[in-house]
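These notes are about the structure you will find just below.
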Amino acid sequence: MDPVASSTSAPPPAAAAATPDDQTPAAAISRWKFEVSRQYQHLLDKTTPFLLYRWIGFLAVALIYVVRVYFVEGFYVVSYGLGIYILNLLIGFLSPQVDPEVLELSEGPTLPTRGSDEFRPFVRRLPEFKFWYSITKAFCIAFVMTFFSAFDVPVFWPILLFYWVVLFTLTMRRQISHMIKYKYVPFSFGKQRYNGKRAAESTSLSDD
């Protein structure tokens, strides 16, 4: 008998057996947390293009929190902490990613200051999506905190409100002075745009 014909094909290698560590409750919980986190991130990524609907949803969440605090007449310290956190987020949203004051000292001016300067898009320190996500999550956490009496610290709320208004005014005045000094506007409708007609006129003037 031909030895080649009588030989049988080798069986495929067996699948690697699961290690005992993969079957522990901790490993199962870790896999479950990873799957939930992946699905949650996928849902967030799908909401990215819907800017208007995202902010409408935020306004609904904020309104629910305000109504809750109004009816329970408490949790003013939670609201004050929420206001300070929102102020910090707002400063990051209105600030450039790289402070022009630092770049001016090291590399010279980087933002355009004249109409003939090259246009550079404004890059925020805190992007719009992260700003929306952080502020919405903050309101949700504050809303949950209103169901625990341990966070309802008795305080004279007009003092907290006055202090927050003063802090907001001073912070925004400094931010606006920074915008005026370095001539930038953190919104798209404030940017200078160049169309084809203007570019053609500039080319014809240069040819003359």
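Chains: A, B, ... in order of the structure tokens. Residues: from 1 per chain. Ligands: from 1, in order shown.
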Name the residues in contact with range 66-80 of chain A at a cut-off of 8 Å, using only C-alpha atoms, excluding same-chain residues fewer than 6 positions from it; report them as a ChimeraX atom specification. /A:142-143,145-146,151-155,157,160-161,164
Write to file, as a CSV table (one decimal), in the first residue's frame, the residues of the selection just made, with N, CA, C and O atoms.
```
chain,number,residue,atom,x,y,z
A,142,ALA,N,-25.8,66.4,39.9
A,142,ALA,CA,-26.4,67.3,40.8
A,142,ALA,C,-27.9,66.9,41.1
A,142,ALA,O,-28.4,67.0,42.3
A,143,PHE,N,-28.6,66.5,40.1
A,143,PHE,CA,-30.0,66.1,40.3
A,143,PHE,C,-30.1,64.8,41.2
A,143,PHE,O,-31.0,64.8,42.0
A,145,MET,N,-28.0,64.0,43.4
A,145,MET,CA,-27.6,64.4,44.8
A,145,MET,C,-28.7,65.0,45.6
A,145,MET,O,-28.7,65.0,46.8
A,146,THR,N,-29.7,65.6,44.9
A,146,THR,CA,-30.8,66.2,45.6
A,146,THR,C,-31.7,65.2,46.3
A,146,THR,O,-32.6,65.6,47.0
A,151,PHE,N,-26.5,66.1,51.5
A,151,PHE,CA,-26.0,67.2,50.7
A,151,PHE,C,-26.8,68.5,50.9
A,151,PHE,O,-26.4,69.5,50.3
A,152,ASP,N,-27.9,68.4,51.6
A,152,ASP,CA,-28.7,69.6,51.9
A,152,ASP,C,-28.2,70.3,53.1
A,152,ASP,O,-28.7,70.2,54.2
A,153,VAL,N,-27.1,71.1,52.9
A,153,VAL,CA,-26.5,71.9,53.9
A,153,VAL,C,-27.2,73.2,54.1
A,153,VAL,O,-27.4,73.9,53.1
A,154,PRO,N,-27.7,73.5,55.3
A,154,PRO,CA,-28.4,74.8,55.5
A,154,PRO,C,-27.5,76.0,55.3
A,154,PRO,O,-26.4,76.0,55.9
A,155,VAL,N,-27.9,76.9,54.4
A,155,VAL,CA,-27.1,78.0,54.1
A,155,VAL,C,-28.0,79.2,53.7
A,155,VAL,O,-29.1,78.9,53.2
A,157,TRP,N,-28.9,81.3,51.0
A,157,TRP,CA,-28.6,81.2,49.6
A,157,TRP,C,-28.3,82.5,48.9
A,157,TRP,O,-27.5,82.6,47.9
A,160,LEU,N,-24.6,83.0,48.6
A,160,LEU,CA,-23.9,82.2,47.6
A,160,LEU,C,-24.2,82.8,46.2
A,160,LEU,O,-23.3,82.8,45.3
A,161,LEU,N,-25.5,83.2,46.0
A,161,LEU,CA,-25.8,83.7,44.7
A,161,LEU,C,-25.0,85.0,44.4
A,161,LEU,O,-24.5,85.2,43.2
A,164,TRP,N,-21.4,84.2,43.6
A,164,TRP,CA,-21.3,83.6,42.2
A,164,TRP,C,-21.4,84.6,41.1
A,164,TRP,O,-20.6,84.6,40.2
```
Taking the DSSP assignment computed from this structure's backbone, write out as a PyMOL selection string all residues of range 40-187 of chain A that belong to helix (DSSP H, G or I). chain A and resi 40-47+51-72+76-94+100-107+128-145+149-151+157-182
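Distance-wise, CA of Phe147 in chain A and CA of Ile56 in chain A end up 24.5 Å apart.
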Give me, as number ranges by chain, all polymer residues having an atom no more than 8 Å from Gly92 in chain A, counting only C-alpha atoms and skipping those fewer than 4 positions away in the same chain. A: 88, 96, 124-126
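For Phe129 in chain A, the residues within 12 Å (counting only C-alpha atoms, excluding itself and residues fewer than 6 positions away along the chain) are Leu44, Asp45, Lys46, Thr47, Thr48, Pro49, Phe50, Leu51, Leu52, Arg54, Trp55, Phe58, Leu89, Phe93, Ile135 and Thr136 of chain A.
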Output C-alpha atoms of each residue in that selection to a file, as a PDB file, in the first residue's frame.
```pdb
ATOM      1  CA  LEU A  44     -22.254  59.170  22.253  1.00  0.00           C
ATOM      2  CA  ASP A  45     -20.449  59.082  18.919  1.00  0.00           C
ATOM      3  CA  LYS A  46     -23.781  58.777  17.101  1.00  0.00           C
ATOM      4  CA  THR A  47     -25.079  61.956  18.789  1.00  0.00           C
ATOM      5  CA  THR A  48     -22.092  64.071  17.722  1.00  0.00           C
ATOM      6  CA  PRO A  49     -23.622  65.524  14.498  1.00  0.00           C
ATOM      7  CA  PHE A  50     -26.942  66.456  16.172  1.00  0.00           C
ATOM      8  CA  LEU A  51     -25.779  69.648  17.846  1.00  0.00           C
ATOM      9  CA  LEU A  52     -29.183  71.314  18.158  1.00  0.00           C
ATOM     10  CA  ARG A  54     -28.093  67.677  22.054  1.00  0.00           C
ATOM     11  CA  TRP A  55     -28.406  71.175  23.469  1.00  0.00           C
ATOM     12  CA  PHE A  58     -29.386  69.638  27.929  1.00  0.00           C
ATOM     13  CA  LEU A  89     -16.188  74.750  31.708  1.00  0.00           C
ATOM     14  CA  PHE A  93     -14.892  76.633  25.986  1.00  0.00           C
ATOM     15  CA  ILE A 135     -22.183  70.157  31.619  1.00  0.00           C
ATOM     16  CA  THR A 136     -25.003  67.659  30.991  1.00  0.00           C
TER      17      THR A 136
END
```
Mind giving me the straight-line distance from CA of Trp132 in chain A to CA of His42 in chain A in Å, one decimal? 16.5 Å
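Taking CA of Val61 in chain A and CA of Ser134 in chain A as endpoints, the distance between them is 12.7 Å.
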